[in-house]
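S.K.: Sharing a structure with you now.
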Amino acid sequence: MKVGIIGSGSISEYHLRAFQSVPDVEVAAITSIALEQAKDVASRFGIPKVYESSEALLADNEIDAVSVAVWNASHAELSIAALNAGKHVFCEKPMARNAAEAAGMVAAEKKSGKLLMIGLVRRFDLKSDAALNVVRSGALGDIYYMKAAYLRRDGQPGGWFTDKSRSGGGALIDIGIHSLDLALYLADAGAVRSVRGTTFQLPDIMKGVKGTEKYLSKEADGLRDVEDMVTANLFFENGAVLNLEASWAQHLKEDSQNLELFGTKGGLKVDPELSLSWNNGSYPADTSYNIHSSLNGEKFLDEIFSREMSHFRDCVVDAVPCIAPSSDGLNLMKIIDAVYLSAEENREVLIG
Ligand SMILES: NC(=O)c1ccc[n+]([C@@H]2O[C@H](COP(=O)([O-])OP(=O)(O)OC[C@H]3O[C@@H](n4cnc5c(N)ncnc54)[C@H](O)[C@@H]3O)[C@@H](O)[C@H]2O)c1
C-alpha cells in the first residue's frame with residue numbers, strides 16, 4: 001500500500017514512524033502548506049516525493065491511501081477530495097470541526113466505496129484491548145455510570161488550536177475527545193439522548209508562569225476564542241450517565257487522565273491504570289492488570305500509532321472490518337456539537 005501524507009506538523013511524524021513500521025506499506029509522498037517543513041520531513045524520513053499542493057498529491061495514481069494530518073478546519077475538505085480521487089483515507093481526530101462537516105465526509109465515503117478511518121488512537125492501546133475483554137466478559141454487569149477526564153495543568157497550545165475557525169473548539173475537541181471516545185467504545189452503552197455542558201475560557205490562567213511551554217503549538221501564539229475547560233454530563237437512552245471533564249489549564253497538582261466504568265457487578269478503572277473492583281463471593285476484591293499503556297511515554301505512544309496504522313493497512317488491503325469507522329467519528333461530533341450548544345445556551349440539549 002502506497003501512502004501520501006498531508007500535513008508536516010507534530011502528528012505527521014508519528015504517522016510516518018508508524019507507517020514505516022508496517023510491512024507492505026510505503027510512504028510515497030508528502031505535501032503541506034508549510035512546504036519547507038514538508039521538505040525537511042521528507043529528507044529526514046526518506047520520502048521520495050514532495051508535492052506543492054494536496055491536489056497534486058491526490059492526482060498521483062501510484063498513491064492508494066492518504067493520511068490527513070492537518071488543522072481540523074481542513075479535515076472535511078481534504079478527506080472528501082481524497083475519497084473523490086479514489087484514495088482510502090485515514091483522517092486524524094477530531095473527524096471535523098462539527099457534525100455537519102463530518103456527515104459530508106461519511107456521504108463521500110459511501111459514494112466512493114473507499115475507506116474513511118478516523119484517528120481514534122486510544123482504541124489501539126493494549127490496555128484498551130484488555131479493558132474491552134473485561135467489559136465483553138460481562139464482569140461489569142449493566143454499566144450505569146462512567147467518568148472520563150483528561151486534565152492538563154499547563155497545556156494551552158495556542159496557535160491554530162485556540163483559533164475556533166481552524167480548530168472548531170478547545171480542550172473538548174482537542175483532548176477531551178480521546179477520553180470520551182474510549183468511554184463510548186468500551187461501554188458500548190448505545191445512543192446518547194441529551195447532554196448538559198458548561199465551558200470556561202481561561203486564556204490568562206498561566207500567563208507569565210514559567211516552564212509552561214510543554215504543549216505549545218509550533219505556530220506563534222494566535223487568537224484565543226475557544227474553551228480551556230469543559231464539564232458535561234451525557235445522558236444515554238438506556239439511563240446511563242457519563243460525566244466528562246477536559247482542560248488545557250487548571251491549577252492541578254499534576255496532569256491526569258481518569259476513566260472509570262461502573263456496572264451492577266463490577267467497576268473498571270481504565271485510566272491511569274487498569275483494575276477491576278468486584279465481589280469475590282462475600283468479599284470485595286480488586287484485580288489489577290500489569291499492562292503498559294500509551295499513557296506511559298513516547299515509546300508506547302509510537303507503539304499505539306503503529307498498531308493504528310497497521311489496522312488501517314489491514315482494513316484497506318485485507319478488508320478487515322474497521323474498528324475506528326467514520327460512523328463513530330460522526331457520533332462523537334454530534335455529542336461535541338451538543339455540548340457546545342448546551343454551554344452556549346445554558347440548557348440541556350437533545351441529540352436528534
Ligand atoms: N491522535 C492524537 O493523539 C493527536 C495528537 C496531536 C494532534 N492530533 C491531530 O492531528 C492534526 C494535526 O495536529 P498537529 O499537532 O500535527 O498540528 P501542527 O500544527 O503541528 O501541524 C499541522 C500541519 O498541517 C499543515 N496544514 C494545515 N492545513 C493544511 C492544508 N489545508 N493542506 C496541507 N497542509 C496543511 C500545517 O502547515 C502543518 O504542517 C489535528 O487534527 C490534531 O487534532 C492528533
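Scheme for the C-alpha cells: letters A, B, ... for chains in order shown; per-chain residue numbers from 1; ligand numbers from 1 in order shown.
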Given only C-alpha atoms and all ligand atoms, how would the per-residue table for chain A near ligand 1 read, listing every residue at most 6 Å away with its closest atom pair and distance in Å to one decimal, sorted by chain and number, as a tab-separated table?
M.R.:
residue	atom	partner	partner_atom_place_in_ligand_line	distance
A:Ile6	CA	ligand 1	33 (C)	5.4
A:Gly7	CA	ligand 1	24 (O)	3.9
A:Ser8	CA	ligand 1	39 (O)	3.7
A:Gly9	CA	ligand 1	21 (O)	3.2
A:Ser10	CA	ligand 1	16 (O)	3.8
A:Ile11	CA	ligand 1	16 (O)	3.8
A:Ser12	CA	ligand 1	16 (O)	5.7
A:Ser32	CA	ligand 1	34 (N)	3.6
A:Ile33	CA	ligand 1	34 (N)	4.3
A:Ala34	CA	ligand 1	37 (O)	4.2
A:Ala69	CA	ligand 1	11 (C)	4.5
A:Val70	CA	ligand 1	24 (O)	3.4
A:Trp71	CA	ligand 1	27 (C)	4.8
A:Asn72	CA	ligand 1	41 (O)	4.5
A:Ser74	CA	ligand 1	31 (N)	5.1
A:Glu92	CA	ligand 1	41 (O)	5.2
A:Lys93	CA	ligand 1	43 (O)	5.2
A:Pro94	CA	ligand 1	43 (O)	5.7
A:Gly119	CA	ligand 1	1 (N)	5.8
A:Val121	CA	ligand 1	1 (N)	5.4
A:Asp174	CA	ligand 1	43 (O)	5.6
A:Lys218	CA	ligand 1	20 (O)	5.9
S.K.: Could you give me, as number ranges by chain, the residues within 12 Å of Ser306 in chain A, counting only C-alpha atoms and dropping anything in the same chain fewer than 3 positions from it?
M.R.: A: 13-23, 25, 119, 121-122, 124-126, 294, 299-303, 309-313
S.K.: Could you give me, as a PyMOL selection string, the residues within 10 Å of Leu330 in chain A, counting only C-alpha atoms and dropping anything in the same chain fewer than 3 positions from it?
M.R.: chain A and resi 94-96+98-106+118+325-327+333-336
S.K.: Find the residues near Ala324 in chain A: any atom within 8 Å, counting only C-alpha atoms, skip ones fewer than 3 places away on the same chain, and give them as a VMD selection string.
M.R.: chain A and resid 117 to 120 123 328 to 329
S.K.: Selection from above, C-alpha atoms, as a PDB file, in the first residue's frame, can you write it?
M.R.:
ATOM      1  CA  MET A 117     -10.952   5.629   9.080  1.00  0.00           C
ATOM      2  CA  ILE A 118     -10.768   8.139  11.951  1.00  0.00           C
ATOM      3  CA  GLY A 119      -7.708   8.524  14.194  1.00  0.00           C
ATOM      4  CA  LEU A 120      -9.354   7.362  17.429  1.00  0.00           C
ATOM      5  CA  ARG A 123      -8.646   2.323  20.815  1.00  0.00           C
ATOM      6  CA  ASP A 328     -18.161   6.591  15.292  1.00  0.00           C
ATOM      7  CA  GLY A 329     -16.334   9.807  14.351  1.00  0.00           C
TER       8      GLY A 329
END
S.K.: Calculate how many Å separate CA of Phe90 in chain A from CA of Ser67 in chain A, rounding to one decimal.
M.R.: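 Separating CA of Phe90 in chain A from CA of Ser67 in chain A is a distance of 4.7 Å.
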S.K.: Ranking A:Asp154, A:Arg136, A:Asp142, A:Val320 by minimum distance to His251 in chain A and counting only C-alpha atoms, which one comes first?
M.R.: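 Using only C-alpha atoms, His251 in chain A sits closest to A:Asp154.
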S.K.: Select from range 219-348 of chain A everything DSSP, run on the backbone, classes as helix (DSSP H, G or I), then give the selection as number ranges by chain.
M.R.: A: 294-296, 298-318, 326-345
S.K.: Can you write out the residues you just picked, keeping C-alpha atoms, as a PDB file, in the first residue's frame?
M.R.:
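Dumped everything to result_20.pdb:
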ATOM      1  CA  SER A 294       0.238   4.766  25.762  1.00  0.00           C
ATOM      2  CA  LEU A 295      -0.056   6.987  28.852  1.00  0.00           C
ATOM      3  CA  ASN A 296       3.409   5.833  29.908  1.00  0.00           C
ATOM      4  CA  GLU A 298       6.828   8.200  23.904  1.00  0.00           C
ATOM      5  CA  LYS A 299       7.785   4.571  23.292  1.00  0.00           C
ATOM      6  CA  PHE A 300       4.252   3.334  23.951  1.00  0.00           C
ATOM      7  CA  LEU A 301       2.750   6.267  22.040  1.00  0.00           C
ATOM      8  CA  ASP A 302       4.728   5.155  18.999  1.00  0.00           C
ATOM      9  CA  GLU A 303       3.501   1.626  19.609  1.00  0.00           C
ATOM     10  CA  ILE A 304      -0.202   2.551  19.509  1.00  0.00           C
ATOM     11  CA  PHE A 305       0.225   4.678  16.369  1.00  0.00           C
ATOM     12  CA  SER A 306       1.948   1.691  14.805  1.00  0.00           C
ATOM     13  CA  ARG A 307      -0.954  -0.590  15.776  1.00  0.00           C
ATOM     14  CA  GLU A 308      -3.375   2.023  14.412  1.00  0.00           C
ATOM     15  CA  MET A 309      -1.655   2.278  11.016  1.00  0.00           C
ATOM     16  CA  SER A 310      -1.233  -1.481  10.830  1.00  0.00           C
ATOM     17  CA  HIS A 311      -5.004  -1.793  11.311  1.00  0.00           C
ATOM     18  CA  PHE A 312      -5.589   0.820   8.578  1.00  0.00           C
ATOM     19  CA  ARG A 313      -3.450  -1.266   6.223  1.00  0.00           C
ATOM     20  CA  ASP A 314      -5.340  -4.450   7.161  1.00  0.00           C
ATOM     21  CA  CYS A 315      -8.690  -2.735   6.505  1.00  0.00           C
ATOM     22  CA  VAL A 316      -7.560  -1.453   3.088  1.00  0.00           C
ATOM     23  CA  VAL A 317      -5.584  -4.468   1.884  1.00  0.00           C
ATOM     24  CA  ASP A 318      -7.278  -7.414   3.616  1.00  0.00           C
ATOM     25  CA  SER A 326     -16.398   7.203  10.257  1.00  0.00           C
ATOM     26  CA  SER A 327     -19.814   6.493  11.833  1.00  0.00           C
ATOM     27  CA  ASP A 328     -18.161   6.591  15.292  1.00  0.00           C
ATOM     28  CA  GLY A 329     -16.334   9.807  14.351  1.00  0.00           C
ATOM     29  CA  LEU A 330     -19.659  11.360  13.326  1.00  0.00           C
ATOM     30  CA  ASN A 331     -21.330  10.248  16.575  1.00  0.00           C
ATOM     31  CA  LEU A 332     -18.561  11.969  18.558  1.00  0.00           C
ATOM     32  CA  MET A 333     -19.040  15.167  16.560  1.00  0.00           C
ATOM     33  CA  LYS A 334     -22.796  15.142  17.290  1.00  0.00           C
ATOM     34  CA  ILE A 335     -22.082  14.855  21.019  1.00  0.00           C
ATOM     35  CA  ILE A 336     -19.416  17.585  20.902  1.00  0.00           C
ATOM     36  CA  ASP A 337     -21.752  19.911  18.965  1.00  0.00           C
ATOM     37  CA  ALA A 338     -24.440  19.312  21.601  1.00  0.00           C
ATOM     38  CA  VAL A 339     -22.057  20.062  24.496  1.00  0.00           C
ATOM     39  CA  TYR A 340     -21.017  23.354  22.866  1.00  0.00           C
ATOM     40  CA  LEU A 341     -24.645  24.307  22.171  1.00  0.00           C
ATOM     41  CA  SER A 342     -25.646  23.393  25.733  1.00  0.00           C
ATOM     42  CA  ALA A 343     -22.865  25.587  27.140  1.00  0.00           C
ATOM     43  CA  GLU A 344     -23.748  28.470  24.830  1.00  0.00           C
ATOM     44  CA  GLU A 345     -27.483  28.387  25.557  1.00  0.00           C
TER      45      GLU A 345
END
S.K.: Measuring between only C-alpha atoms, which one of A:Leu186, A:Cys322, A:Val230, A:Ala59 shows the shortest distance to Ala131 in chain A?
M.R.: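 Between A:Leu186, A:Cys322, A:Val230, A:Ala59, the residue approaching Ala131 in chain A most closely is A:Leu186.
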S.K.: What is the CA of Leu276 in chain A to CA of Glu260 in chain A distance in Å?
M.R.: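 CA of Glu260 in chain A lies at a distance of 9.8 Å from CA of Leu276 in chain A.
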S.K.: Going by DSSP on the backbone, which bits of range 238-321 of chain A are strand (DSSP E or B)? Write them as a PyMOL selection string, please.
M.R.: chain A and resi 241-247+249+256-263+266-271+275-280+283-288
S.K.: Can you write out the residues you just picked, keeping C-alpha atoms, as a CSV table (one decimal), in the first residue's frame?
M.R.:
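Here's the written file again_31.csv:
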chain,number,residue,atom,x,y,z
A,241,VAL,CA,-24.8,8.8,32.6
A,242,LEU,CA,-21.3,9.8,31.7
A,243,ASN,CA,-19.5,12.6,33.4
A,244,LEU,CA,-16.9,14.3,31.2
A,245,GLU,CA,-14.2,16.8,32.1
A,246,ALA,CA,-11.4,18.2,30.0
A,247,SER,CA,-9.0,21.0,30.5
A,249,ALA,CA,-5.1,24.5,32.0
A,256,SER,CA,-4.2,13.3,34.8
A,257,GLN,CA,-6.3,11.1,32.7
A,258,ASN,CA,-9.1,9.2,34.6
A,259,LEU,CA,-11.6,6.8,33.1
A,260,GLU,CA,-13.9,4.6,35.1
A,261,LEU,CA,-16.9,2.5,34.2
A,262,PHE,CA,-19.3,1.4,37.0
A,263,GLY,CA,-21.7,-1.5,36.5
A,266,GLY,CA,-18.1,-4.6,38.9
A,267,GLY,CA,-16.3,-1.3,38.4
A,268,LEU,CA,-13.4,-0.9,35.9
A,269,LYS,CA,-10.8,1.7,36.3
A,270,VAL,CA,-9.1,2.1,32.9
A,271,ASP,CA,-7.0,5.2,33.4
A,275,SER,CA,-8.1,-2.5,37.6
A,276,LEU,CA,-11.4,-4.3,38.2
A,277,SER,CA,-13.2,-4.0,41.5
A,278,TRP,CA,-15.8,-6.7,42.2
A,279,ASN,CA,-17.3,-9.0,44.8
A,280,ASN,CA,-15.5,-12.3,45.1
A,283,TYR,CA,-15.6,-10.3,49.9
A,284,PRO,CA,-14.8,-7.2,48.0
A,285,ALA,CA,-11.9,-7.8,45.6
A,286,ASP,CA,-9.7,-5.9,43.2
A,287,THR,CA,-7.9,-7.3,40.2
A,288,SER,CA,-5.0,-5.2,38.8
S.K.: Show me, as a PyMOL selection string, the residues that have an atom within 7 Å of Ile47 in chain A when counting only C-alpha atoms, minus same-chain residues fewer than 3 positions from it.
M.R.: chain A and resi 27-29+42-43
